[in-house]
Structure formats: structure tokens, C-alpha cells
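Participant: What follows is a single structure, and I will ask about it in a moment.
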Amino acid sequence: MNIRSLTRGDGVVIGAAVLLFIASFLHPYSVSGFTYDANAWDSLGDGMGVYMGGVVGAALIVVNRCLPQPRKVLGLDLGAIGVAFTVLVAWIMFWTIVDTPDRMDAAAGIILGFIAALALAGAAVATPLVPALQAALVGAPAPHAPAPYGGQPGGGYGYPGAGQPGQPGQPSFGGQPSQPAQPFGGQPSQPSAPQTQTPAQDFSPFWFAVPVARPLFSEDGAQSPIAELAPGTWYLAVEQRGATIVAQTQDGRRGVLQDTSGIQRG
């Protein structure tokens with residue numbers, strides 16, 4: 001599970017679920033100015049069926065977001081089931097606060113519970129639709145591990161700030177500038193005419209992060225995703241193919257990222 005894939009909308013969902021759980025322990029009604037000495041847990045239909053129903057819905061949404069790939073139960077996405085739970089709880093709380101028993105007024109348990117359920121359902125429904133709620137809840141850390149290729153830090157296009165040792169003009173081990181390699185026989189090589197390199201030869205592996213969750217497709221051209229790249233996690237681009245890149249996940253899987261718009265390079 002990757003908590004860095006959580007969005008701001010998921011943060012609202014978590015906060016509203018906590019508020020709804022607290023509301024279940026407060027008094028739901030007041031009678032003629034007196035507090036009705038009960039709470040939602042005196043009736044399992046209210047405590048487990050309504051208040052905890054919203055908490056369970058929030059848990060399904062958050063867990064489904066943290067998983068590498070969405071999970072399904074009986075063909076239904078866990079996130080969709082969680083959203084349905086939150087909407088149902090908000091609907092029940094609305095009619096509970098509207099239709100209070102005679103000579104009773106809604107107290108903190110119902111009022112706070114309705115506000116929490118409304119915020120919970122609103123965030124669950126709006127997160128896939130509002131870009132501001134899709135931003136990462138936890139910022140991505142700066143990449144600090146060296147690229148795995150050859151055990152040297154990437155001095156190429158994407159990895160921050162370093163030139164590779166062994167190049168002319170760069171200090172090598174011991175503080176001395178490295179010299180160009182001499183060919184066999186001890187004769188210095190003659191300068192050759194500059195050669196034009198293709199874009200593929202100019203490519204160097206770089207680290208990147210995606211702004212929103214995006215599928216990673218197989219390199220053989222199949223259109224079934226093999227993984228999902230989550231925002232807040234750094235991945236390694238190992239090859240460029242036109243407008244797409246070949247990315248490597250943390251568990252070593254490789255695939256083609258077709259949508260490269262808005263990616264953050266390390």
C-alpha cells in the first residue's frame with residue numbers, strides 16, 4: 001500500500017469519517033430543553049447501520065486508493081462501493097434531521113453527524129471531478145538514491161544536479177581532473193568530425209512522478225494495464241518511444257506510459 005497516492009479529497013474523506021464517528025457518541029435529541037440521555041450506540045441500527053456505514057465507506061475509498069491496482073468484489077470496484085455507502089448515509093442523515101420525533105429537537109449527535117456525512121459524500125463524489133481535490137495529499141520526496149544502471153548517479157536529462165565522473169572537465173576520484181581515454185598503443189586519438197546523434201541516443205534515464213494515477217501498459221502493445229503509477233511516487237524512465245516513455249516500477253516491472261502530460265521530472 002502506498003499512502004503517497006492519497007489525494008486532498010481523500011484527506012477530506014478521512015477527516016469527515018472521524019467527525020462522523022465522534023458524532024455517534026453524542027446525544028442525538030433534546031427533549032423540551034433537556035438532553036435525551038442516549039446516543040447512536042444504544043441502537044445498533046443507528047450505530048452500526050448509519051454512522052459506521054459512513055466510516056466503512058470512507059475506509060473502502062481510502063484503501064482502494066492506496067492499493068497498487070483497484071480491487072473488485074463481485075465485479076464492483078471497492079472505491080465505487082465506498083462512494084455508494086457515503087451517499088446512502090448522507091441521505092439517511094438528511095431525513096433523520098428533517099423528521100425528528102414529536103416534542104424532540106435534533107441535538108449535537110444528529111446535527112454534527114449530518115454535517116460530517118454531507119462532507120464525506122461530497123468529497124467522495126467530487127474528488128474524481130475536481131482537479132484541486134486530485135492533488136497529492138503528501139508531497140513527493142526528492143529522489144536521493146542513485147540510478148540502478150551501473151551504480152552511478154544519473155548525470156543525464158532527468159536526475160537532479162550531477163555530472164558523471166570520468167568526463168573531461170569534471171573532477172574524478174582524488175580531486176584530479178580525468179583525462180580522455182587513450183587508444184591501444186599509446187597514440188592519442190585524432191579529433192573527429194562531430195556526428196549527428198539521433199534523439200534515442202541523446203536519451204538518459206531520469207526519475208519522474210505523475211500528477212494523477214495513470215495506467216502502465218505492456219511493452220508488447222497490449223492495451224490491458226499491467227500496473228498503475230500513483231502520484232507521490234518516483235519512477236524511473238528507461239527509454240523514450242516517440243511521445244511515450246518506458247517506465248520501471250519499484251518492483252522491477254517495465255511498461256509503456258502513454259500519457260506523459262504534466263509529469264514532474266526529478
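In the C-alpha cells, the first chain shown is A, the next is B, and so on; residue numbers restart at 1 for each chain, and ligands run from 1 in the order shown.
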If you count only C-alpha atoms, which residues fall within 6 Å of Ala90 (chain A), apart from same-chain ones fewer than 3 positions away, as a list in words?
Facilitator: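 In the requested format, the answer is Val87, Met93, Ala117 and Leu118 of chain A.
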Participant: Determine, counting only C-alpha atoms, which protein, DNA and RNA residues have an atom within 10 Å of an atom of Gly15 (chain A); residues of the same chain fewer than 6 positions away are not included. Present the result as a CSV table (one decimal) with N, CA and C atoms, in the first residue's frame.
Facilitator:
chain,number,residue,atom,x,y,z
A,9,GLY,N,-8.7,15.2,-1.7
A,9,GLY,CA,-10.1,14.7,-1.5
A,9,GLY,C,-10.2,13.5,-0.5
A,58,ALA,N,-15.8,5.3,3.9
A,58,ALA,CA,-14.6,6.1,3.8
A,58,ALA,C,-13.4,5.1,3.8
A,116,ALA,N,-21.1,15.9,8.9
A,116,ALA,CA,-20.0,15.0,8.6
A,116,ALA,C,-20.3,14.1,7.4
A,119,ALA,N,-20.3,16.2,4.2
A,119,ALA,CA,-18.9,16.5,3.7
A,119,ALA,C,-18.3,15.2,3.2
A,120,LEU,N,-18.5,14.1,3.8
A,120,LEU,CA,-18.0,12.8,3.4
A,120,LEU,C,-18.5,12.4,2.0
Participant: Mind checking which residues fall within 10 Å of Gly54 (chain A), counting only C-alpha atoms, ignoring those fewer than 2 positions away in the same chain, and posting them as an NGL selection string?
Facilitator: :A and (13 or 16-18 or 20-21 or 48-52 or 56-60 or 82-90 or 113 or 116-117 or 120-121)
Participant: Please save N, CA and C atoms of the selected residues as a JSON list (two decimals), in the first residue's frame.
Facilitator:
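The result, written out as out-v3.json:
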[["chain", "number", "residue", "atom", "x", "y", "z"],
["A", 13, "VAL", "N", -12.18, 13.09, 3.05],
["A", 13, "VAL", "CA", -12.96, 11.88, 3.38],
["A", 13, "VAL", "C", -12.54, 11.34, 4.75],
["A", 16, "ALA", "N", -13.79, 13.73, 7.56],
["A", 16, "ALA", "CA", -15.23, 13.65, 7.75],
["A", 16, "ALA", "C", -15.63, 12.34, 8.42],
["A", 17, "ALA", "N", -14.94, 11.25, 8.10],
["A", 17, "ALA", "CA", -15.25, 9.96, 8.72],
["A", 17, "ALA", "C", -14.94, 10.00, 10.22],
["A", 18, "VAL", "N", -13.85, 10.63, 10.60],
["A", 18, "VAL", "CA", -13.51, 10.76, 12.02],
["A", 18, "VAL", "C", -14.58, 11.59, 12.74],
["A", 20, "LEU", "N", -17.70, 11.93, 11.86],
["A", 20, "LEU", "CA", -18.92, 11.14, 11.92],
["A", 20, "LEU", "C", -18.84, 10.12, 13.06],
["A", 21, "PHE", "N", -17.67, 9.52, 13.25],
["A", 21, "PHE", "CA", -17.51, 8.55, 14.34],
["A", 21, "PHE", "C", -17.66, 9.23, 15.70],
["A", 48, "MET", "N", -24.27, 0.98, 14.05],
["A", 48, "MET", "CA", -23.58, 0.17, 13.05],
["A", 48, "MET", "C", -24.12, 0.40, 11.65],
["A", 49, "GLY", "N", -25.44, 0.63, 11.53],
["A", 49, "GLY", "CA", -26.03, 0.74, 10.19],
["A", 49, "GLY", "C", -25.84, 2.09, 9.54],
["A", 50, "VAL", "N", -25.80, 3.17, 10.33],
["A", 50, "VAL", "CA", -25.73, 4.51, 9.74],
["A", 50, "VAL", "C", -24.35, 5.12, 9.96],
["A", 51, "TYR", "N", -24.00, 5.37, 11.21],
["A", 51, "TYR", "CA", -22.74, 6.07, 11.49],
["A", 51, "TYR", "C", -21.53, 5.24, 11.03],
["A", 52, "MET", "N", -21.48, 3.98, 11.41],
["A", 52, "MET", "CA", -20.36, 3.15, 10.99],
["A", 52, "MET", "C", -20.43, 2.81, 9.50],
["A", 56, "VAL", "N", -17.18, 2.95, 7.22],
["A", 56, "VAL", "CA", -16.78, 1.83, 6.36],
["A", 56, "VAL", "C", -16.64, 2.29, 4.91],
["A", 57, "GLY", "N", -17.58, 3.12, 4.46],
["A", 57, "GLY", "CA", -17.48, 3.65, 3.10],
["A", 57, "GLY", "C", -16.20, 4.44, 2.90],
["A", 58, "ALA", "N", -15.84, 5.28, 3.88],
["A", 58, "ALA", "CA", -14.60, 6.05, 3.78],
["A", 58, "ALA", "C", -13.39, 5.12, 3.76],
["A", 59, "ALA", "N", -13.42, 4.06, 4.58],
["A", 59, "ALA", "CA", -12.29, 3.13, 4.62],
["A", 59, "ALA", "C", -12.12, 2.42, 3.27],
["A", 60, "LEU", "N", -13.22, 2.06, 2.63],
["A", 60, "LEU", "CA", -13.12, 1.40, 1.32],
["A", 60, "LEU", "C", -12.51, 2.34, 0.28],
["A", 82, "GLY", "N", -17.58, 2.16, -1.81],
["A", 82, "GLY", "CA", -17.42, 3.12, -0.71],
["A", 82, "GLY", "C", -18.18, 4.42, -0.96],
["A", 83, "VAL", "N", -18.15, 4.92, -2.20],
["A", 83, "VAL", "CA", -18.90, 6.14, -2.53],
["A", 83, "VAL", "C", -20.39, 5.92, -2.33],
["A", 84, "ALA", "N", -20.89, 4.76, -2.74],
["A", 84, "ALA", "CA", -22.31, 4.46, -2.57],
["A", 84, "ALA", "C", -22.69, 4.45, -1.08],
["A", 85, "PHE", "N", -21.83, 3.89, -0.23],
["A", 85, "PHE", "CA", -22.08, 3.89, 1.21],
["A", 85, "PHE", "C", -22.20, 5.32, 1.74],
["A", 86, "THR", "N", -21.28, 6.19, 1.35],
["A", 86, "THR", "CA", -21.29, 7.56, 1.88],
["A", 86, "THR", "C", -22.52, 8.33, 1.43],
["A", 87, "VAL", "N", -22.91, 8.14, 0.18],
["A", 87, "VAL", "CA", -24.11, 8.84, -0.32],
["A", 87, "VAL", "C", -25.36, 8.35, 0.42],
["A", 88, "LEU", "N", -25.45, 7.04, 0.64],
["A", 88, "LEU", "CA", -26.61, 6.49, 1.35],
["A", 88, "LEU", "C", -26.68, 7.02, 2.78],
["A", 89, "VAL", "N", -25.54, 7.10, 3.47],
["A", 89, "VAL", "CA", -25.53, 7.60, 4.84],
["A", 89, "VAL", "C", -25.94, 9.07, 4.88],
["A", 90, "ALA", "N", -25.46, 9.87, 3.93],
["A", 90, "ALA", "CA", -25.87, 11.28, 3.88],
["A", 90, "ALA", "C", -27.37, 11.41, 3.65],
["A", 113, "GLY", "N", -23.48, 14.81, 12.95],
["A", 113, "GLY", "CA", -23.44, 13.64, 12.08],
["A", 113, "GLY", "C", -23.88, 13.97, 10.66],
["A", 116, "ALA", "N", -21.06, 15.94, 8.95],
["A", 116, "ALA", "CA", -19.96, 15.05, 8.59],
["A", 116, "ALA", "C", -20.33, 14.15, 7.42],
["A", 117, "ALA", "N", -21.55, 13.61, 7.43],
["A", 117, "ALA", "CA", -21.98, 12.73, 6.34],
["A", 117, "ALA", "C", -22.07, 13.49, 5.02],
["A", 120, "LEU", "N", -18.54, 14.07, 3.83],
["A", 120, "LEU", "CA", -17.99, 12.79, 3.40],
["A", 120, "LEU", "C", -18.48, 12.42, 2.01],
["A", 121, "ALA", "N", -19.79, 12.49, 1.79],
["A", 121, "ALA", "CA", -20.34, 12.14, 0.48],
["A", 121, "ALA", "C", -19.90, 13.14, -0.58]]
Participant: Between CA of Trp95 (chain A) and CA of Ile61 (chain A), what is the distance in Å, rounded to a tenth?
Facilitator: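 Going from CA of Trp95 (chain A) over to CA of Ile61 (chain A) covers 24.4 Å.
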Participant: Using CA of Pro231 (chain A) and CA of Gly122 (chain A) as the two end points, give the distance in Å to one decimal.
Facilitator: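 For CA of Pro231 (chain A) relative to CA of Gly122 (chain A), the distance reads 22.1 Å.
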Participant: Identify, on the basis of only C-alpha atoms, every residue whose closest approach to Arg71 (chain A) does not exceed 12 Å; exclude the query and any residue fewer than 6 positions from it along the same chain; express the result as a PyMOL selection string.
Facilitator: chain A and resi 60-65+77-81
Participant: Grab the CA of Ala135 (chain A) to CA of Asp10 (chain A) distance for me, in Å with one decimal place.
Facilitator: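 Taking CA of Ala135 (chain A) as the start and CA of Asp10 (chain A) as the end point, the length is 9.9 Å.
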Participant: Considering only C-alpha atoms, can you say which of A:Phe206, A:Thr249, A:Pro211, A:Thr260 comes closest to Ala237 (chain A)?
Facilitator: A:Phe206
Participant: Pick out the residues sitting within 8 Å of Ala227 (chain A), and hand them over as a PyMOL selection string; count only C-alpha atoms, and ignore anything fewer than 3 positions along from it in its own chain.
Facilitator: chain A and resi 68-69+215-217
Participant: If we count only C-alpha atoms, what is near Ala107 (chain A) at a cut-off of 10 Å, once residues fewer than 3 positions away on the same chain are taken out, given as a list in words?
Facilitator: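 Near Ala107 (chain A), the qualifying residues are Leu26, His27, Pro28, Tyr29, Ser30, Val31, Thr35, Tyr36, Ile97, Met104, Ile110, Ile111, Leu112 and Gly113 of chain A.
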Participant: Give me, as a PDB file with N, CA and C atoms, in the first residue's frame, all polymer residues having an atom no more than 10 Å from Gln240 (chain A), counting only C-alpha atoms and skipping those fewer than 5 positions away in the same chain.
Facilitator:
ATOM      1  N   PRO A 199      17.687  11.297 -31.579  1.00  0.00           N
ATOM      2  CA  PRO A 199      17.098  11.566 -30.260  1.00  0.00           C
ATOM      3  C   PRO A 199      17.196  10.384 -29.317  1.00  0.00           C
ATOM      4  N   ALA A 200      17.148   9.140 -29.846  1.00  0.00           N
ATOM      5  CA  ALA A 200      17.211   7.976 -28.960  1.00  0.00           C
ATOM      6  C   ALA A 200      18.576   7.884 -28.291  1.00  0.00           C
ATOM      7  N   PHE A 203      19.002  10.201 -25.213  1.00  0.00           N
ATOM      8  CA  PHE A 203      18.170   9.938 -24.049  1.00  0.00           C
ATOM      9  C   PHE A 203      18.997   9.378 -22.894  1.00  0.00           C
ATOM     10  N   SER A 204      18.734   9.851 -21.689  1.00  0.00           N
ATOM     11  CA  SER A 204      19.326   9.316 -20.467  1.00  0.00           C
ATOM     12  C   SER A 204      18.202   9.022 -19.483  1.00  0.00           C
ATOM     13  N   PRO A 205      18.295   7.942 -18.726  1.00  0.00           N
ATOM     14  CA  PRO A 205      17.254   7.633 -17.739  1.00  0.00           C
ATOM     15  C   PRO A 205      17.053   8.786 -16.758  1.00  0.00           C
ATOM     16  N   ILE A 245       6.973   6.967 -22.958  1.00  0.00           N
ATOM     17  CA  ILE A 245       8.208   6.547 -22.302  1.00  0.00           C
ATOM     18  C   ILE A 245       8.006   5.163 -21.695  1.00  0.00           C
ATOM     19  N   VAL A 246       9.095   4.426 -21.604  1.00  0.00           N
ATOM     20  CA  VAL A 246       9.092   3.127 -20.929  1.00  0.00           C
ATOM     21  C   VAL A 246       9.532   3.362 -19.485  1.00  0.00           C
ATOM     22  N   ALA A 247       8.675   3.022 -18.547  1.00  0.00           N
ATOM     23  CA  ALA A 247       8.924   3.293 -17.130  1.00  0.00           C
ATOM     24  C   ALA A 247       9.125   1.984 -16.383  1.00  0.00           C
ATOM     25  N   VAL A 256       4.850   0.735 -20.725  1.00  0.00           N
ATOM     26  CA  VAL A 256       4.791   1.968 -21.507  1.00  0.00           C
ATOM     27  C   VAL A 256       3.790   2.930 -20.873  1.00  0.00           C
ATOM     28  N   LEU A 257       4.255   4.143 -20.567  1.00  0.00           N
ATOM     29  CA  LEU A 257       3.385   5.213 -20.084  1.00  0.00           C
ATOM     30  C   LEU A 257       2.981   6.039 -21.293  1.00  0.00           C
TER      31      LEU A 257
END
